[in-house]
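Following: one structure in structure tokens, then a few remarks.
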Amino acid sequence: MEMRDGNFSTAIAALEQARGAYSKRDDIIRCVLEECDAFIKSGKPNRALDLARRVLRIVPNRLH
């Protein structure tokens with residue numbers, strides 16, 4: 001809702017908080033993608049790229 005209204009900093013803060021509450025990899029990745037989208041829409045594409053790289057390094061891959 002915040003992103004739709006253009007409140008990107010509020011959306012980013014909420015998504016960051018939500019990401020910390022998740023334990024499943026898929027949920028964390030989904031949240032990070034939303035957070036990256038908010039960074040990009042707020043004119044901060046480098047922050048989005050940094051976040052994606054950082055989280056993908058620390059979130060373990062799923063074993064099949």
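Quick note on naming: the chains in the structure tokens go A, B, ... in the order shown, residues restart at 1 in each chain, and ligands are numbered from 1 in order of appearance.
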
Problem set entry | Who sits within 12 Å of stretch 43-50 of chain A, only C-alpha atoms, same chain under 6 positions skipped, as an MDAnalysis selection string | chainID A and resid 6 8:9 12 32:37 56:57

Write to file, as a short mmCIF file (atom, residue, chain, number, x, y, z; two decimals), in the first residue's frame, the residues of the selection just made, with all heavy atoms.
```
data_model
loop_
_atom_site.label_atom_id
_atom_site.label_comp_id
_atom_site.auth_asym_id
_atom_site.auth_seq_id
_atom_site.Cartn_x
_atom_site.Cartn_y
_atom_site.Cartn_z
N GLY A 6 3.39 5.87 -3.23
CA GLY A 6 4.64 6.58 -3.46
C GLY A 6 5.45 6.86 -2.20
O GLY A 6 6.39 7.64 -2.24
N PHE A 8 7.94 5.51 -0.58
CA PHE A 8 8.95 4.47 -0.71
C PHE A 8 9.77 4.26 0.55
O PHE A 8 10.09 3.12 0.89
CB PHE A 8 9.85 4.76 -1.92
CG PHE A 8 9.09 4.81 -3.21
CD1 PHE A 8 8.99 5.98 -3.93
CD2 PHE A 8 8.44 3.68 -3.69
CE1 PHE A 8 8.28 6.02 -5.11
CE2 PHE A 8 7.72 3.71 -4.87
CZ PHE A 8 7.64 4.89 -5.60
N SER A 9 10.13 5.32 1.24
CA SER A 9 10.94 5.14 2.45
C SER A 9 10.16 4.37 3.52
O SER A 9 10.73 3.52 4.21
CB SER A 9 11.44 6.47 2.99
OG SER A 9 10.37 7.31 3.33
N ILE A 12 10.01 0.73 2.31
CA ILE A 12 11.30 0.06 2.51
C ILE A 12 11.48 -0.34 3.97
O ILE A 12 11.90 -1.46 4.27
CB ILE A 12 12.45 0.95 2.00
CG1 ILE A 12 12.40 1.05 0.47
CG2 ILE A 12 13.80 0.42 2.48
CD1 ILE A 12 13.25 2.15 -0.12
N VAL A 32 12.70 -9.44 -0.28
CA VAL A 32 13.84 -8.69 -0.81
C VAL A 32 13.53 -8.14 -2.20
O VAL A 32 13.88 -7.01 -2.51
CB VAL A 32 15.11 -9.57 -0.83
CG1 VAL A 32 16.21 -8.96 -1.67
CG2 VAL A 32 15.60 -9.79 0.59
N LEU A 33 12.87 -8.93 -3.02
CA LEU A 33 12.51 -8.44 -4.35
C LEU A 33 11.57 -7.24 -4.27
O LEU A 33 11.73 -6.27 -5.03
CB LEU A 33 11.87 -9.57 -5.18
CG LEU A 33 12.81 -10.69 -5.59
CD1 LEU A 33 12.03 -11.81 -6.27
CD2 LEU A 33 13.91 -10.16 -6.49
N GLU A 34 10.63 -7.28 -3.36
CA GLU A 34 9.74 -6.13 -3.16
C GLU A 34 10.52 -4.92 -2.66
O GLU A 34 10.30 -3.79 -3.09
CB GLU A 34 8.63 -6.48 -2.16
CG GLU A 34 7.62 -7.47 -2.68
CD GLU A 34 6.71 -6.87 -3.75
OE1 GLU A 34 6.49 -5.64 -3.74
OE2 GLU A 34 6.24 -7.64 -4.59
N GLU A 35 11.44 -5.17 -1.75
CA GLU A 35 12.27 -4.10 -1.20
C GLU A 35 13.15 -3.49 -2.29
O GLU A 35 13.29 -2.26 -2.39
CB GLU A 35 13.12 -4.65 -0.06
CG GLU A 35 13.65 -3.62 0.88
CD GLU A 35 14.35 -4.25 2.08
OE1 GLU A 35 14.12 -5.44 2.40
OE2 GLU A 35 15.12 -3.52 2.72
N CYS A 36 13.72 -4.34 -3.14
CA CYS A 36 14.53 -3.86 -4.26
C CYS A 36 13.69 -3.02 -5.22
O CYS A 36 14.15 -1.98 -5.72
CB CYS A 36 15.17 -5.03 -5.00
SG CYS A 36 16.52 -5.81 -4.11
N ASP A 37 12.48 -3.44 -5.47
CA ASP A 37 11.57 -2.69 -6.33
C ASP A 37 11.33 -1.30 -5.75
O ASP A 37 11.34 -0.30 -6.48
CB ASP A 37 10.25 -3.45 -6.49
CG ASP A 37 9.31 -2.83 -7.49
OD1 ASP A 37 9.79 -2.35 -8.55
OD2 ASP A 37 8.10 -2.81 -7.23
N LEU A 56 21.45 -12.56 -0.93
CA LEU A 56 21.67 -13.84 -1.61
C LEU A 56 22.92 -14.54 -1.09
O LEU A 56 22.99 -15.77 -1.13
CB LEU A 56 21.76 -13.64 -3.12
CG LEU A 56 20.42 -13.32 -3.79
CD1 LEU A 56 20.62 -13.01 -5.26
CD2 LEU A 56 19.43 -14.46 -3.61
N ARG A 57 23.88 -13.79 -0.57
CA ARG A 57 25.07 -14.40 0.01
C ARG A 57 24.78 -15.06 1.35
O ARG A 57 25.40 -16.06 1.70
CB ARG A 57 26.15 -13.34 0.22
CG ARG A 57 27.10 -13.24 -0.93
CD ARG A 57 28.27 -12.33 -0.59
NE ARG A 57 28.22 -11.23 -1.52
CZ ARG A 57 28.16 -9.94 -1.21
NH1 ARG A 57 28.20 -9.56 0.03
NH2 ARG A 57 28.09 -9.02 -2.14
#
```

Problem set entry | Picked from chain A by DSSP as helix (DSSP H, G or I), as a PyMOL selection string | chain A and resi 8-21+25-41+45-58

Problem set entry | Shell of 12 Å around A:Gly20, only C-alpha atoms, local chain residues under 3 positions omitted, as a ChimeraX atom specification | /A:13-17,23-25,27-29,31-32,55,59

For this session: Mind checking which residues fall within 9 Å of A:Ala11, counting only C-alpha atoms, ignoring those fewer than 6 positions away in the same chain, and posting them as a ChimeraX atom specification?
Result: /A:1-3,35,38
